[in-house]
Amino acid sequence: MAGARRPGRNFLFVPGPTNVPERILRAMHVPMEDHRSSDFPKLTLPLYEDLKKVFQTKDGRAVIFPSSGTGAWESALTNTCSPGDKMLAPRFGQFSHLWIDLARRHGLEVIVQEETWGTGADPEKIEEALRADKNHEIKGVMVVHNETATGVTSDIAAVRRAIDAAKHPALLYVDGVSSIGSVDFRFDEWGVDLAITGSQKGMMLPAGLGIVCASPKALERMDGAACTKAYFDFADHFRTNPDGYFPYTPALPLLYGLRESLAIMFEEGLENVFARHRYLANGTRAAVEAWGLSLCAKDPKWYSDTVSAIMVPEGVNGADVIDRAYRGYNLALGAGLTEMAGKLFRIGHLGDLNELMLLGAISGAEMSMRDVGIDVVPGSGVAAAQEYFRGAQGMGETRLAAE
Ligand code: PLP
């Protein structure tokens, strides 16, 4: 069957890239144009203002890079840090690991707090480390809000409280790649200083935009930040963005796509987007429970509303479930990464998604698990998710009830 046509839709359930709605695909289908024309700012200036609504900030400043989320990480660090600066970072999954690695490659000295994969940032430990840092050598705390590798969400408000309780001036750097635009993210209220995201998850776009939001306090650190930067220099953007331009050729179709993505999110209402993600995640979790399996997230307080990482039983390779789903049912599930390789598979439930799409993925996961010898009761996950959705609608939790 290799290379054979696969009729029907591919069910894309990796936790990013996510489904791109038809409206966005059409909005990106544009001829190229002069990005220095006098009309161009009509497209770009509102983007910056509208992004602030997604970050939930008044005073934060958004920068849009033609990059993926990793470029946004790099820009957040290099614009505010100098080689040798100390950073504090909990590590509890592949993405927190990679961010630490990136910081180290820029010469930063990262103090790592190891946490069990399946848990997240520990505010008490963060507070303790900051209190012990009497000379305020630690310049920043780096936390991955939603660890996509394990399906764990950390409490960023609690991390801010920890920093404040220690009366420490460290900046709060937050990776919101798989949370911003899908779950509640309160830049101002949580005292975030640098938040980063990418276009290919909650924003429902292809990969290609790295977006950073910086607080006034973060921007003050630009003076004297000696890390090498050129392409990712905020200063070049700040010189050109206020007039609606970019320091280099922007990724034009993606900007039109972003315009449409923001319009779609505001039409649904951000509150409703967040409620829908919680609701779809709850349906997925009901299925996992009915299968008799467990999540990688060790406690409900860590549960992610954008991705569920599902542990497979001993003796089964999670990669076989994923390959079977892909080859057998045209369903793309997320793989276990590094420490979790083979131990789990992931269902991404973020972006442009509804109940029946998700039930398709749950059904395909169920069939694939049975195909590779995992003894789940046929239909059990689908039935549990269905019953959750039907009941929850009655409880008014969904966007439908909110209408
Ligand atoms: N951070 C998180 C939490 C992610 O999930 C990802 C990618 O999946 C990244 C960072 C890296 O982003 P990108 O692949 O867009 O560079």
# chains A, B, ... in the order shown; residues from 1 in each chain; ligands from 1
$ residues_near_ligand --ligand "ligand 1" --cutoff "8 Å" --atoms "only C-alpha atoms and all ligand atoms" --output "ChimeraX atom specification"
/A:15-16,67-73,95-96,98-99,144-149,175-179,197-200,207-208,210
$ closest_atom_pairs --of "stretch 257-344 of chain A" --to "stretch 27-38 of chain A" --cutoff "10 Å" --atoms "only C-alpha atoms" --output "Markdown table"
| residue | atom | partner | partner_atom | distance |
| --- | --- | --- | --- | --- |
| A:Gly257 | CA | A:Met28 | CA | 5.1 |
| A:Leu258 | CA | A:Met28 | CA | 8.8 |
| A:Arg259 | CA | A:Ala27 | CA | 8.4 |
| A:Glu260 | CA | A:Ala27 | CA | 6.6 |
| A:Ser261 | CA | A:Ala27 | CA | 9.3 |
$ atom_distance --atom1 "atom CA of A:Thr249" --atom2 "atom CA of A:Ala235"
16.2 Å
$ select_by_dssp --residues "stretch 111-266 of chain A" --states "strand (DSSP E or B)" --output "number ranges by chain"
A: 111-114, 117, 119, 138-144, 146-147, 152-153, 171-175, 180, 183, 194-198, 210-214
$ closest_residue --among "A:Met204, A:Val141, A:Ala165, A:Ala365" --to "A:Val312" --atoms "only C-alpha atoms"
A:Ala365
$ atom_distance --atom1 "atom CA of A:Gly151" --atom2 "atom CA of A:Tyr303"
6.5 Å
$ residues_around --residues "A:Asn19" --least-positions-apart "5" --cutoff "10 Å" --atoms "only C-alpha atoms" --output "ChimeraX atom specification"
/A:10-14,200-206,350-353
$ write_last_selection --atoms "N, CA and C atoms" --output "tab-separated table (two decimals), in the first residue's frame"
chain	number	residue	atom	x	y	z
A	10	ASN	N	-7.12	13.22	5.94
A	10	ASN	CA	-6.15	12.79	6.94
A	10	ASN	C	-6.62	13.38	8.27
A	11	PHE	N	-6.65	12.55	9.29
A	11	PHE	CA	-7.03	13.03	10.62
A	11	PHE	C	-5.76	13.47	11.33
A	12	LEU	N	-5.57	14.77	11.39
A	12	LEU	CA	-4.33	15.33	11.93
A	12	LEU	C	-4.52	15.60	13.42
A	13	PHE	N	-3.98	14.71	14.24
A	13	PHE	CA	-4.16	14.85	15.69
A	13	PHE	C	-2.84	14.88	16.43
A	14	VAL	N	-1.78	15.31	15.74
A	14	VAL	CA	-0.56	15.63	16.46
A	14	VAL	C	-0.80	16.97	17.14
A	200	GLN	N	1.60	27.50	14.55
A	200	GLN	CA	1.01	26.25	14.03
A	200	GLN	C	0.20	25.46	15.05
A	201	LYS	N	-0.19	26.10	16.16
A	201	LYS	CA	-0.96	25.32	17.15
A	201	LYS	C	-2.31	26.00	17.38
A	202	GLY	N	-2.45	26.71	18.50
A	202	GLY	CA	-3.74	27.35	18.75
A	202	GLY	C	-4.12	28.37	17.70
A	203	MET	N	-3.14	28.93	17.04
A	203	MET	CA	-3.42	29.98	16.03
A	203	MET	C	-3.93	29.38	14.72
A	204	MET	N	-3.88	28.06	14.60
A	204	MET	CA	-4.49	27.36	13.44
A	204	MET	C	-3.84	27.69	12.10
A	205	LEU	N	-2.60	28.08	12.12
A	205	LEU	CA	-1.88	28.46	10.89
A	205	LEU	C	-0.81	27.42	10.59
A	206	PRO	N	-0.23	27.47	9.39
A	206	PRO	CA	0.97	26.66	9.18
A	206	PRO	C	2.10	27.17	10.09
A	350	LEU	N	-6.29	20.54	20.03
A	350	LEU	CA	-6.22	22.00	20.03
A	350	LEU	C	-6.41	22.53	18.62
A	351	GLY	N	-6.82	23.79	18.59
A	351	GLY	CA	-7.00	24.44	17.31
A	351	GLY	C	-8.44	24.31	16.83
A	352	ASP	N	-8.59	24.19	15.52
A	352	ASP	CA	-9.91	24.21	14.91
A	352	ASP	C	-10.51	22.81	14.96
A	353	LEU	N	-11.26	22.53	16.01
A	353	LEU	CA	-11.64	21.16	16.31
A	353	LEU	C	-13.03	21.12	16.94
